[in-house]
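data_38.cif (mmCIF, C-alpha atoms and all ligand atoms)
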```cif
data_my_file
loop_
_atom_site.group_PDB
_atom_site.id
_atom_site.type_symbol
_atom_site.label_atom_id
_atom_site.label_comp_id
_atom_site.auth_asym_id
_atom_site.auth_seq_id
_atom_site.Cartn_x
_atom_site.Cartn_y
_atom_site.Cartn_z
ATOM 1 C CA MET A 302 18.425 113.159 117.109
ATOM 2 C CA THR A 303 20.878 115.893 116.484
ATOM 3 C CA ALA A 304 24.082 116.074 118.498
ATOM 4 C CA SER A 305 26.187 119.185 118.569
ATOM 5 C CA PHE A 306 29.957 118.718 118.871
ATOM 6 C CA ALA A 307 31.008 122.255 118.228
ATOM 7 C CA ALA A 308 31.838 124.265 121.295
ATOM 8 C CA GLY A 309 30.696 127.836 121.024
ATOM 9 C CA PRO A 310 33.254 130.615 121.374
ATOM 10 C CA SER A 311 32.160 131.297 124.921
ATOM 11 C CA ASP A 312 31.959 127.648 126.083
ATOM 12 C CA PRO A 313 33.438 127.791 129.613
ATOM 13 C CA THR A 314 34.654 124.156 129.384
ATOM 14 C CA VAL A 315 37.078 124.961 126.546
ATOM 15 C CA GLN A 316 40.453 126.107 127.802
ATOM 16 C CA PRO A 317 42.366 128.617 125.651
ATOM 17 C CA VAL A 318 45.422 127.170 123.897
ATOM 18 C CA PRO A 319 48.585 128.799 125.309
ATOM 19 C CA ALA A 320 50.344 131.117 122.844
ATOM 20 C CA SER A 321 53.584 129.066 123.155
ATOM 21 C CA VAL A 322 51.771 125.927 121.945
ATOM 22 C CA VAL A 323 50.189 127.815 119.048
ATOM 23 C CA ALA A 324 53.664 129.095 118.062
ATOM 24 C CA GLN A 325 55.138 125.551 118.207
ATOM 25 C CA VAL A 326 52.337 124.058 116.123
ATOM 26 C CA ASP A 327 52.580 126.906 113.605
ATOM 27 C CA ALA A 328 56.350 126.399 113.299
ATOM 28 C CA ALA A 329 55.928 122.635 112.757
ATOM 29 C CA ASP A 330 53.206 123.311 110.199
ATOM 30 C CA THR A 331 55.394 125.770 108.305
ATOM 31 C CA THR A 332 58.228 123.209 108.125
ATOM 32 C CA LEU A 333 55.799 120.523 106.961
ATOM 33 C CA HIS A 334 54.714 122.679 104.061
ATOM 34 C CA ASN A 335 58.150 124.064 103.424
ATOM 35 C CA PRO A 336 60.729 121.247 103.504
ATOM 36 C CA LYS A 337 64.269 122.353 104.243
ATOM 37 C CA ARG A 338 67.351 121.476 102.275
ATOM 38 C CA ALA A 339 70.144 119.694 104.110
ATOM 39 C CA VAL A 340 73.568 118.492 102.997
ATOM 40 C CA ILE A 341 74.879 115.284 104.564
ATOM 41 C CA SER A 342 78.399 113.898 104.488
ATOM 42 C CA LEU A 343 78.882 110.130 104.479
ATOM 43 C CA GLY A 344 82.157 108.371 105.240
ATOM 44 C CA ALA A 345 83.266 104.773 105.747
ATOM 45 C CA ASN A 346 86.682 103.195 106.228
ATOM 46 C CA LEU A 347 85.855 99.755 107.646
ATOM 47 C CA GLY A 348 83.928 96.868 106.058
ATOM 48 C CA ASN A 349 82.375 97.038 102.602
ATOM 49 C CA ARG A 350 82.620 100.812 102.206
ATOM 50 C CA LEU A 351 80.575 101.187 99.027
ATOM 51 C CA GLU A 352 77.744 98.919 100.202
ATOM 52 C CA THR A 353 77.614 100.769 103.490
ATOM 53 C CA LEU A 354 77.397 104.195 101.837
ATOM 54 C CA GLN A 355 74.572 102.985 99.576
ATOM 55 C CA GLY A 356 72.842 101.381 102.574
ATOM 56 C CA ALA A 357 73.044 104.695 104.450
ATOM 57 C CA ILE A 358 71.509 106.558 101.504
ATOM 58 C CA ASP A 359 68.663 104.026 101.320
ATOM 59 C CA ALA A 360 68.109 104.189 105.086
ATOM 60 C CA LEU A 361 67.963 107.980 105.011
ATOM 61 C CA GLU A 362 65.407 107.810 102.198
ATOM 62 C CA ASP A 363 63.344 105.352 104.260
ATOM 63 C CA THR A 364 62.933 108.014 106.927
ATOM 64 C CA PRO A 365 59.477 109.606 107.005
ATOM 65 C CA GLY A 366 59.938 113.269 106.139
ATOM 66 C CA VAL A 367 63.199 112.778 104.206
ATOM 67 C CA ARG A 368 63.699 112.718 100.434
ATOM 68 C CA ILE A 369 67.141 112.336 98.875
ATOM 69 C CA LYS A 370 67.512 114.764 95.969
ATOM 70 C CA ALA A 371 71.081 114.237 94.785
ATOM 71 C CA VAL A 372 73.995 111.915 95.426
ATOM 72 C CA SER A 373 77.629 112.787 94.697
ATOM 73 C CA GLY A 374 80.285 110.586 93.196
ATOM 74 C CA VAL A 375 82.423 108.307 95.343
ATOM 75 C CA TYR A 376 85.808 109.577 96.536
ATOM 76 C CA GLU A 377 88.624 107.581 98.093
ATOM 77 C CA THR A 378 90.201 109.788 100.712
ATOM 78 C CA GLU A 379 93.147 109.753 103.084
ATOM 79 C CA PRO A 380 92.034 109.702 106.721
ATOM 80 C CA TRP A 381 91.875 113.305 107.936
ATOM 81 C CA GLY A 382 92.990 114.343 111.395
ATOM 82 C CA VAL A 383 95.007 111.218 112.249
ATOM 83 C CA GLU A 384 98.567 109.964 111.814
ATOM 84 C CA PRO A 385 99.189 109.107 108.111
ATOM 85 C CA GLY A 386 99.042 105.353 107.541
ATOM 86 C CA SER A 387 97.295 104.689 110.873
ATOM 87 C CA GLN A 388 93.859 103.906 109.334
ATOM 88 C CA PRO A 389 92.461 102.484 106.105
ATOM 89 C CA ALA A 390 91.405 104.926 103.401
ATOM 90 C CA TYR A 391 87.844 106.234 103.479
ATOM 91 C CA PHE A 392 85.158 106.268 100.863
ATOM 92 C CA ASN A 393 83.323 109.567 101.096
ATOM 93 C CA ALA A 394 80.247 111.009 99.435
ATOM 94 C CA VAL A 395 77.791 113.829 99.987
ATOM 95 C CA VAL A 396 74.027 113.811 99.557
ATOM 96 C CA VAL A 397 71.492 116.620 99.303
ATOM 97 C CA LEU A 398 68.082 115.966 100.803
ATOM 98 C CA LYS A 399 64.836 117.766 101.492
ATOM 99 C CA THR A 400 63.285 117.243 104.888
ATOM 100 C CA THR A 401 60.359 118.234 107.035
ATOM 101 C CA LEU A 402 62.282 117.060 110.125
ATOM 102 C CA PRO A 403 63.812 119.678 112.383
ATOM 103 C CA PRO A 404 67.643 119.534 112.656
ATOM 104 C CA SER A 405 67.615 117.673 115.998
ATOM 105 C CA SER A 406 65.445 114.866 114.562
ATOM 106 C CA LEU A 407 67.629 114.644 111.473
ATOM 107 C CA LEU A 408 70.673 114.196 113.757
ATOM 108 C CA GLU A 409 68.850 111.470 115.726
ATOM 109 C CA ARG A 410 68.120 109.693 112.475
ATOM 110 C CA ALA A 411 71.746 110.088 111.348
ATOM 111 C CA HIS A 412 72.892 108.432 114.576
ATOM 112 C CA ALA A 413 70.343 105.616 114.168
ATOM 113 C CA VAL A 414 71.629 104.959 110.654
ATOM 114 C CA GLU A 415 75.241 104.891 111.946
ATOM 115 C CA GLU A 416 74.210 102.394 114.625
ATOM 116 C CA ALA A 417 72.426 100.208 112.071
ATOM 117 C CA PHE A 418 75.806 99.874 110.376
ATOM 118 C CA HIS A 419 77.501 98.981 113.667
ATOM 119 C CA ARG A 420 79.296 102.257 114.109
ATOM 120 C CA VAL A 421 81.427 102.103 117.253
ATOM 121 C CA ARG A 422 82.253 105.326 119.105
ATOM 122 C CA ASP A 423 85.533 104.949 120.947
ATOM 123 C CA GLU A 424 88.280 107.369 119.994
ATOM 124 C CA ARG A 425 87.792 110.705 118.279
ATOM 125 C CA TRP A 426 88.224 110.368 114.531
ATOM 126 C CA GLY A 427 88.680 106.601 114.985
ATOM 127 C CA ALA A 428 88.143 104.230 112.056
ATOM 128 C CA ARG A 429 84.462 103.512 111.481
ATOM 129 C CA THR A 430 82.013 101.528 109.407
ATOM 130 C CA LEU A 431 79.942 104.667 108.864
ATOM 131 C CA ASP A 432 79.955 108.351 109.674
ATOM 132 C CA VAL A 433 76.897 110.494 108.922
ATOM 133 C CA ASP A 434 77.409 114.223 109.535
ATOM 134 C CA ILE A 435 75.027 117.109 108.910
ATOM 135 C CA VAL A 436 77.089 119.545 106.855
ATOM 136 C CA SER A 437 74.369 122.182 106.609
ATOM 137 C CA TYR A 438 70.639 122.601 107.210
ATOM 138 C CA ALA A 439 68.975 125.379 105.211
ATOM 139 C CA ASP A 440 70.830 128.591 106.130
ATOM 140 C CA VAL A 441 70.923 127.778 109.853
ATOM 141 C CA ILE A 442 73.988 128.935 111.799
ATOM 142 C CA ASP A 443 74.107 127.565 115.347
ATOM 143 C CA ASP A 444 77.068 126.899 117.656
ATOM 144 C CA ASP A 445 75.243 124.396 119.902
ATOM 145 C CA PRO A 446 77.900 121.665 120.474
ATOM 146 C CA HIS A 447 75.231 118.938 120.323
ATOM 147 C CA LEU A 448 74.456 120.027 116.763
ATOM 148 C CA THR A 449 76.650 122.719 115.279
ATOM 149 C CA LEU A 450 75.455 124.129 111.974
ATOM 150 C CA PRO A 451 77.071 124.184 109.570
ATOM 151 C CA HIS A 452 79.303 121.285 110.703
ATOM 152 C CA PRO A 453 82.214 122.979 112.515
ATOM 153 C CA ARG A 454 84.912 121.325 110.403
ATOM 154 C CA ALA A 455 83.192 120.994 107.022
ATOM 155 C CA HIS A 456 84.928 124.080 105.621
ATOM 156 C CA GLU A 457 88.373 122.574 106.159
ATOM 157 C CA ARG A 458 87.643 119.054 104.862
ATOM 158 C CA ALA A 459 88.386 118.321 101.231
ATOM 159 C CA PHE A 460 86.572 114.980 101.668
ATOM 160 C CA VAL A 461 83.358 116.992 102.129
ATOM 161 C CA LEU A 462 84.043 119.966 99.843
ATOM 162 C CA ALA A 463 85.244 118.053 96.742
ATOM 163 C CA PRO A 464 82.220 115.719 96.404
ATOM 164 C CA TRP A 465 79.851 118.585 97.187
ATOM 165 C CA HIS A 466 81.513 120.969 94.727
ATOM 166 C CA ASP A 467 81.575 118.401 91.917
ATOM 167 C CA MET A 468 77.858 117.774 92.394
ATOM 168 C CA GLU A 469 76.897 121.444 92.918
ATOM 169 C CA PRO A 470 79.589 123.830 91.650
ATOM 170 C CA GLU A 471 77.683 126.899 92.908
ATOM 171 C CA ALA A 472 77.152 125.544 96.429
ATOM 172 C CA GLN A 473 77.522 127.860 99.419
ATOM 173 C CA LEU A 474 78.338 126.834 102.976
ATOM 174 C CA PRO A 475 76.294 129.143 105.244
ATOM 175 C CA GLY A 476 78.544 131.635 107.024
ATOM 176 C CA ARG A 477 81.654 130.389 105.205
ATOM 177 C CA GLY A 478 81.062 131.240 101.559
ATOM 178 C CA ALA A 479 81.452 129.454 98.252
ATOM 179 C CA VAL A 480 82.403 125.789 98.449
ATOM 180 C CA ALA A 481 84.578 126.321 95.333
ATOM 181 C CA VAL A 482 86.685 128.922 97.169
ATOM 182 C CA LEU A 483 86.925 126.830 100.351
ATOM 183 C CA LEU A 484 88.038 123.844 98.269
ATOM 184 C CA ASP A 485 90.719 125.916 96.512
ATOM 185 C CA ALA A 486 92.082 126.815 99.932
ATOM 186 C CA VAL A 487 92.284 123.241 101.263
ATOM 187 C CA THR A 488 93.189 121.712 97.858
ATOM 188 C CA ARG A 489 92.144 118.255 96.665
ATOM 189 C CA ASP A 490 95.230 116.578 98.100
ATOM 190 C CA GLY A 491 94.420 113.087 99.336
ATOM 191 C CA VAL A 492 90.991 113.024 97.658
ATOM 192 C CA THR A 493 90.698 110.781 94.600
ATOM 193 C CA PRO A 494 87.493 110.465 92.565
ATOM 194 C CA ARG A 495 86.572 106.785 92.101
ATOM 195 C CA LYS A 496 84.912 107.114 88.706
ATOM 196 C CA ASP A 497 84.713 103.328 88.476
ATOM 197 C CA LEU A 498 82.229 103.285 91.381
ATOM 198 C CA GLU A 499 78.758 104.725 91.688
ATOM 199 C CA LEU A 500 76.151 105.470 94.305
ATOM 200 C CA HIS A 501 72.587 105.910 93.180
ATOM 201 C CA LEU A 502 69.426 107.663 94.251
ATOM 202 C CA PRO A 503 67.101 105.240 96.060
ATOM 203 C CA ASP A 504 64.516 103.617 93.734
HETATM 204 N N1 LIG A 601 76.747 119.073 112.271
HETATM 205 C C1 LIG A 601 76.889 117.969 113.011
HETATM 206 N N2 LIG A 601 76.714 116.739 112.461
HETATM 207 C C2 LIG A 601 76.861 115.612 113.200
HETATM 208 N N3 LIG A 601 77.193 115.597 114.508
HETATM 209 C C3 LIG A 601 77.372 116.791 115.114
HETATM 210 C C4 LIG A 601 77.244 118.014 114.392
HETATM 211 N N4 LIG A 601 77.479 119.050 115.257
HETATM 212 C C5 LIG A 601 77.737 118.504 116.431
HETATM 213 N N5 LIG A 601 77.683 117.139 116.377
HETATM 214 C C6 LIG A 601 77.927 116.285 117.529
HETATM 215 O O1 LIG A 601 79.172 115.667 117.405
HETATM 216 C C7 LIG A 601 79.136 114.459 118.147
HETATM 217 C C8 LIG A 601 80.262 113.532 117.699
HETATM 218 O O2 LIG A 601 79.999 113.161 116.355
HETATM 219 P P1 LIG A 601 80.860 112.044 115.661
HETATM 220 O O3 LIG A 601 81.033 110.889 116.590
HETATM 221 O O4 LIG A 601 80.229 111.794 114.324
HETATM 222 O O5 LIG A 601 82.257 112.813 115.535
HETATM 223 P P2 LIG A 601 83.390 112.417 114.595
HETATM 224 O O6 LIG A 601 82.770 111.969 113.313
HETATM 225 O O7 LIG A 601 84.336 111.459 115.275
HETATM 226 O O8 LIG A 601 84.189 113.772 114.361
HETATM 227 P P3 LIG A 601 83.714 115.070 113.604
HETATM 228 O O9 LIG A 601 82.656 115.696 114.475
HETATM 229 O O10 LIG A 601 84.970 115.859 113.509
HETATM 230 O O11 LIG A 601 83.171 114.654 112.258
HETATM 231 C C9 LIG A 601 77.744 113.926 117.856
HETATM 232 O O12 LIG A 601 77.273 113.094 118.903
HETATM 233 C C10 LIG A 601 76.901 115.175 117.693
HETATM 234 O O13 LIG A 601 76.145 115.450 118.850
HETATM 235 N N1 LIG A 602 89.101 111.030 104.851
HETATM 236 C C1 LIG A 602 88.290 111.128 105.892
HETATM 237 N N2 LIG A 602 88.805 111.408 107.106
HETATM 238 C C2 LIG A 602 87.969 111.512 108.174
HETATM 239 C C3 LIG A 602 86.586 111.306 108.027
HETATM 240 C C4 LIG A 602 86.076 110.999 106.735
HETATM 241 O O1 LIG A 602 84.853 110.795 106.554
HETATM 242 N N3 LIG A 602 86.960 110.916 105.706
HETATM 243 N N4 LIG A 602 85.768 111.438 109.103
HETATM 244 C C5 LIG A 602 86.259 111.792 110.268
HETATM 245 C C6 LIG A 602 85.344 112.027 111.394
HETATM 246 O O2 LIG A 602 84.174 112.566 110.983
HETATM 247 C C7 LIG A 602 87.676 111.974 110.536
HETATM 248 N N5 LIG A 602 88.494 111.822 109.371
#
```

Could you spell out this file's structure in structure tokens?
Ligand SMILES: Nc1ncnc2c1ncn2[C@@H]1O[C@H](COP(=O)(O)OP(=O)(O)OP(=O)(O)O)[C@@H](O)[C@H]1O
Ligand SMILES: Nc1nc2c(c(=O)[nH]1)N=C(CO)CN2
Amino acid sequence: MTASFAAGPSDPTVQPVPASVVAQVDAADTTLHNPKRAVISLGANLGNRLETLQGAIDALEDTPGVRIKAVSGVYETEPWGVEPGSQPAYFNAVVVLKTTLPPSSLLERAHAVEEAFHRVRDERWGARTLDVDIVSYADVIDDDPHLTLPHPRAHERAFVLAPWHDMEPEAQLPGRGAVAVLLDAVTRDGVTPRKDLELHLPD
């Protein structure tokens, strides 16, 4: 017995796929075959800061659709945006990854990783076990407050620019220019490389 599963082009039971759905599927397919590059900033100033940063890198790598490509050195940094001496020093690092996730899903994953490390959200710029920010995603520029790209304060933060520059001296922050020039402007004050410490790419 031969069964036919293929609907002919004029089969009246087959509904046409709306153009908007075709566009969405095409866009997802393009991303899947063309992973995007994103730069992520990691910070911690409570608990075991180094272990937490490494744990965050490993958790990001464990995300389907995410591959970590490069990890910066570790920097000990003065808390930015708060009264001097009011918080412990941070450890900061930057990672470059390739991802097939759209920006909104990458942000969701960043928040899940923060929560896994017991990040508490109370006051703005409060001390935290872990902060995971999306510094940039491909060349996207978007002022949506839920996910602003590039990160709205990355260009004025030496704790982001110094690790990124030392890992990728030619790096560019979309819409803002060369990271080297931005770093010259903010200076490396309060940002100390911890050459005795190391983060590594996940195994
Ligand atoms: N590029 C981005 N990366 C991460 N979060 C972002 C970004 N753009 C906007 N947000 C939004 O900012 C909100 C607050 O983020 P978060 O609690 O990490 O702020 P913060 O670390 O205290 O301060 P800052 O935003 O200055 O780094 C997030 O819930 C998120 O929706
Ligand atoms: N040094 C330093 N200061 C900060 C940091 C950080 O990661 N490092 N994160 C903040 C909120 O994102 C606020 N201030």

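Closest approach to Thr353 of chain A among A:Leu474, A:Thr430, A:Pro365, A:Ala339: A:Thr430, based on all atoms listed in the file.
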
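Among A:Val375, A:Pro453, A:Asp432, A:Pro464, the residue with the shortest atom-to-atom distance to His419 of chain A, counting only C-alpha atoms, is A:Asp432.
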
Throw together the list of residues within 7 Å of ligand LIG 602 (chain A), counting only C-alpha atoms and all ligand atoms, and drop it here as number ranges by chain.
A: 343-345, 378-382, 390-393, 426, 432, 460

Give, as AutoDock Vina command-line options, the centre coordinates and the x, y and z edge lengths in Å to one decimal for an axis-aligned box around all listed atoms of ligand LIG 601 (chain A), padded by 3 Å on each side.
```
--center_x 80.6 --center_y 115.0 --center_z 115.6 --size_x 14.8 --size_y 14.2 --size_z 12.6
```

In the coordinate frame of the file, compute which residues have an atom within 12 Å of (81.2, 115.6, 94.3) when using all atoms listed in the file, and state them as a PyMOL selection string.
chain A and resi 340+342-343+371-377+393-397+459-472+480-481+484+489+492-496+499-500

Serialized selection, C-alpha atoms, as a PDB file, in the coordinates of the input:
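Result saved to result-v2.pdb:
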```pdb
ATOM      1  CA  VAL A 340      73.568 118.492 102.997  1.00  0.00           C
ATOM      2  CA  SER A 342      78.399 113.898 104.488  1.00  0.00           C
ATOM      3  CA  LEU A 343      78.882 110.130 104.479  1.00  0.00           C
ATOM      4  CA  ALA A 371      71.081 114.237  94.785  1.00  0.00           C
ATOM      5  CA  VAL A 372      73.995 111.915  95.426  1.00  0.00           C
ATOM      6  CA  SER A 373      77.629 112.787  94.697  1.00  0.00           C
ATOM      7  CA  GLY A 374      80.285 110.586  93.196  1.00  0.00           C
ATOM      8  CA  VAL A 375      82.423 108.307  95.343  1.00  0.00           C
ATOM      9  CA  TYR A 376      85.808 109.577  96.536  1.00  0.00           C
ATOM     10  CA  GLU A 377      88.624 107.581  98.093  1.00  0.00           C
ATOM     11  CA  ASN A 393      83.323 109.567 101.096  1.00  0.00           C
ATOM     12  CA  ALA A 394      80.247 111.009  99.435  1.00  0.00           C
ATOM     13  CA  VAL A 395      77.791 113.829  99.987  1.00  0.00           C
ATOM     14  CA  VAL A 396      74.027 113.811  99.557  1.00  0.00           C
ATOM     15  CA  VAL A 397      71.492 116.620  99.303  1.00  0.00           C
ATOM     16  CA  ALA A 459      88.386 118.321 101.231  1.00  0.00           C
ATOM     17  CA  PHE A 460      86.572 114.980 101.668  1.00  0.00           C
ATOM     18  CA  VAL A 461      83.358 116.992 102.129  1.00  0.00           C
ATOM     19  CA  LEU A 462      84.043 119.966  99.843  1.00  0.00           C
ATOM     20  CA  ALA A 463      85.244 118.053  96.742  1.00  0.00           C
ATOM     21  CA  PRO A 464      82.220 115.719  96.404  1.00  0.00           C
ATOM     22  CA  TRP A 465      79.851 118.585  97.187  1.00  0.00           C
ATOM     23  CA  HIS A 466      81.513 120.969  94.727  1.00  0.00           C
ATOM     24  CA  ASP A 467      81.575 118.401  91.917  1.00  0.00           C
ATOM     25  CA  MET A 468      77.858 117.774  92.394  1.00  0.00           C
ATOM     26  CA  GLU A 469      76.897 121.444  92.918  1.00  0.00           C
ATOM     27  CA  PRO A 470      79.589 123.830  91.650  1.00  0.00           C
ATOM     28  CA  GLU A 471      77.683 126.899  92.908  1.00  0.00           C
ATOM     29  CA  ALA A 472      77.152 125.544  96.429  1.00  0.00           C
ATOM     30  CA  VAL A 480      82.403 125.789  98.449  1.00  0.00           C
ATOM     31  CA  ALA A 481      84.578 126.321  95.333  1.00  0.00           C
ATOM     32  CA  LEU A 484      88.038 123.844  98.269  1.00  0.00           C
ATOM     33  CA  ARG A 489      92.144 118.255  96.665  1.00  0.00           C
ATOM     34  CA  VAL A 492      90.991 113.024  97.658  1.00  0.00           C
ATOM     35  CA  THR A 493      90.698 110.781  94.600  1.00  0.00           C
ATOM     36  CA  PRO A 494      87.493 110.465  92.565  1.00  0.00           C
ATOM     37  CA  ARG A 495      86.572 106.785  92.101  1.00  0.00           C
ATOM     38  CA  LYS A 496      84.912 107.114  88.706  1.00  0.00           C
ATOM     39  CA  GLU A 499      78.758 104.725  91.688  1.00  0.00           C
ATOM     40  CA  LEU A 500      76.151 105.470  94.305  1.00  0.00           C
TER      41      LEU A 500
END
```

Coordinates-based distance that separates atom CA of Gly491 of chain A from atom CA of Leu448 of chain A (Å, one decimal):
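Spanning atom CA of Leu448 of chain A to atom CA of Gly491 of chain A is a straight-line distance of 27.4 Å.
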
At most 6 Å from ligand LIG 601 (chain A) (all atoms listed in the file): residue list as a ChimeraX atom specification
/A:425-426,432,434-436,446-452

Nearest to Gln473 of chain A by atom-to-atom distance, counting all atoms listed in the file, from A:His334, A:Arg350, A:Arg410, A:His456:
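The answer is A:His456, which sits nearest to Gln473 of chain A.
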
Check which residues satisfy the PyMOL selection byres (((chain A and resi 364) around 12) and not hetatm) in the file shown, then give them as a PyMOL selection string.
chain A and resi 357-363+365-369+398-402+406-407+409-411+413-414+503
